[in-house]
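Novice: One structure coming up, written as structure tokens, with questions to follow.
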Amino acid sequence: MNVREVRVEVLAGLTSALSLVPEVVGFALVAHVNPLTGLYAAFILCLVAAIWGGRPGMISGAAGSMAVVSAGLVVQHGVEYLFATVVLTGILQMLFAWFRLGKLIRMVPHPVMLGFVNGLAIIIASAQLQHFHVRTANGTEVWMAPSGLFTMLGLVAVTVLVTVLLPKLTKAFPSALAGILATTGVALALGIKTRTVGDLASIHGSLPSFHVPQIPYKLDTLRIILPYAIVLAVIGLVETLLTLNLIDEITDTGGRPNRESMAQGAGNFIGALFGGMGGCAMIGQSIINLNAGGRRRLSGIAAGSFLLSFILVGSKLIERIPLAALVGVMFVVAAETFNWKSLRGMARVPKHDTMVMIVVTLVTVFTNLAVAVVSGIVIAALVFAWDHAQQLEVEVETMPESKTYRLRGSLFFASATQFTRFFTPKEDPARVYLEFDHARIMDSSALEAIEALAGRYRDLGKTLHVNGLSENCDRLLRRKDGEVMLLPLEAD
């Protein structure tokens, strides 16, 4: 890299790191842990994923989707159990990569991907609203006073305007970083009193030290942490791999899912042993990094390094940054993340694809990402099966002493019932032919349907002949559980 590329990558990392601070602190508070627990996890995971991961330019850190799950564990059993759970989470994620299961992300349909992106965009935007609230004496949260609210909105507007308009003039400097600096400068120059990063919590700390989770190492403990670890591992991998796919599309490059999964697991494993909470790839910060020009590993390394420097020496400066500046940047990110084309294209795509996208979006917002993606895949699979089941057709040719059924389409579990309704064994002649030249046998339900049909003909003293099977289909019909199965039909 030349000097200019290094400068772009470092500034992109700085911008990502600044946007990480309030997000990570907020997620740590959601998980009921010290803000430094989130910051330690963020800089360790960010560095590990940037150095060894399979997707340069992607930013990782302590994630809100994992913080929500972690909260229940911390409240019931304490933070030490969280550290142990995240260690186990990292091991599970590394095993996922070891068995090269990253290719499973290819099973995610495009409507599910759109729902994921849109759902996370809504979450990013709605998460910023908490910064416009204040806590009352009785512990409830209400909107801040009008004067403070309008001040905050004004500073947010400054950030948004600079972030959106600067790229139209020049791309030599990251627009998000310019927005943060401009808003901070306006607030300091005019002496505007507004909420700052320091109002969330102090981010000053020291280097994290090695820490083995202080829990009883026995089977009962495993029963407690294993369910949480499985959920965290799934959520982390799903969000990471979907973010990887999104960045692949944006940059027109190819990431390495298994390598990224291994790095994420290693980052969580190491981070937990140094007092960090769980994390994964963060779509908002990754978009910020890309928009700022970060495409290489250096931007992620810089982001992690800046986070550590904020903790060690720069906390006083960072804590003076107005929250409005970072909120404004995240609003812009949310708007850029949301796939607006998916709304304009609703009238042109199949209705079931639109339904899947909307369901995944809503489930992402109101539950968690893992449930949303699984729900979307299940719905898409059921719709796919239903559509293909409706495509099964038959052409019948009747001769004086025989009858031929020419099948077209796929014979599988969803079309097996329809398949049996095509035939009339009682009315058919003694010789019946079933042609598979334009059809395929897809699963064991198809085998059972053909066997049952052959049995009906045999019971009536008639013979069913099957023609036109491919080599694979013929093996399916003749083999079951590895043993040769003599079917009650003849294969010509």
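Identifiers for the structure tokens are assigned positionally: chains receive A, B, ... in sequence, residues are indexed from 1 per chain, and ligands are indexed from 1 in the order shown.
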Can you pull out the residues contacting Arg406 (chain A)? Cut-off 10 Å, using only C-alpha atoms, and skip same-chain residues under 4 positions away; I want them as a ChimeraX atom specification.
Specialist: /A:393-397,433-439,467-468
Novice: I need the strand (DSSP E or B) residues of region 419-459 of chain A per DSSP on the backbone, written as a list of chain:residue names.
Specialist: A:Arg431, A:Val432, A:Tyr433, A:Leu434, A:Glu435, A:Phe436, A:Asp437, A:His438, A:Ala439, A:Arg440, A:Ile441
Novice: Can you list, as a list of chain:residue names, every protein, DNA or RNA residue that comes within 9 Å of Gln418 (chain A) when you count only C-alpha atoms, leaving out same-chain residues fewer than 4 positions away?
Specialist: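 Non-adjacent residues within range: A:Ala389, A:Gln390, A:Leu392, A:Ala414, A:Phe422.
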Novice: Deliver the residues from the most recent selection as a file, using C-alpha atoms, as a short mmCIF file (atom, residue, chain, number, x, y, z; two decimals), in the first residue's frame.
Specialist:
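Result file is again.cif:
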data_model
loop_
_atom_site.label_atom_id
_atom_site.label_comp_id
_atom_site.auth_asym_id
_atom_site.auth_seq_id
_atom_site.Cartn_x
_atom_site.Cartn_y
_atom_site.Cartn_z
CA ALA A 389 -45.49 -29.81 -5.92
CA GLN A 390 -47.99 -27.89 -8.06
CA LEU A 392 -46.09 -32.14 -11.13
CA ALA A 414 -44.95 -32.47 -1.15
CA PHE A 422 -53.21 -39.42 -11.08
#
Novice: Give me, please, the distance in Å between CA of Ile203 (chain A) and CA of Leu36 (chain A), quoted to one decimal.
Specialist: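 Computing the Euclidean distance for CA of Ile203 (chain A) and CA of Leu36 (chain A) yields 6.4 Å.
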Novice: Calculate how many Å separate CA of Ala49 (chain A) from CA of Phe116 (chain A), rounding to one decimal.
Specialist: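 According to the coordinates, CA of Ala49 (chain A) and CA of Phe116 (chain A) are separated by 21.7 Å.
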Novice: Do a neighbour search on region 162-173 of chain A at 8 Å with only C-alpha atoms, toss out local chain neighbours closer than 6 positions, and write the hits as a list in words.
Specialist: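 The neighbour list is Val8, Leu11, Gly179, Ala182, Ala292, Val329 and Val332 of chain A.
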Novice: What is the distance, in Å and to one decimal place, between CA of Met94 (chain A) and CA of Arg296 (chain A)?
Specialist: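 Going from CA of Met94 (chain A) over to CA of Arg296 (chain A), I get 23.2 Å.
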Novice: Using only C-alpha atoms, which of the listed residues (A:Leu226, A:Leu39, A:Val158, A:Ala189) sits closest to Leu73 (chain A)?
Specialist: A:Leu226
Novice: Residues within 7 Å of region 214-216 of chain A, please, as a PyMOL selection string. Count only C-alpha atoms; anything in the same chain fewer than 3 positions from it doesn't count.
Specialist: chain A and resi 80-81+221
Novice: Write out the residues from the selection above, keeping N, CA and C atoms, as a PDB file, in the first residue's frame.
Specialist:
ATOM      1  N   GLU A  80     -19.254 -13.955  35.773  1.00  0.00           N
ATOM      2  CA  GLU A  80     -18.285 -15.026  35.559  1.00  0.00           C
ATOM      3  C   GLU A  80     -18.860 -16.132  34.681  1.00  0.00           C
ATOM      4  N   TYR A  81     -20.139 -16.402  34.847  1.00  0.00           N
ATOM      5  CA  TYR A  81     -20.791 -17.401  34.000  1.00  0.00           C
ATOM      6  C   TYR A  81     -20.847 -16.921  32.553  1.00  0.00           C
ATOM      7  N   THR A 221     -22.741 -26.883  35.918  1.00  0.00           N
ATOM      8  CA  THR A 221     -22.382 -25.606  35.298  1.00  0.00           C
ATOM      9  C   THR A 221     -22.517 -25.689  33.778  1.00  0.00           C
TER      10      THR A 221
END
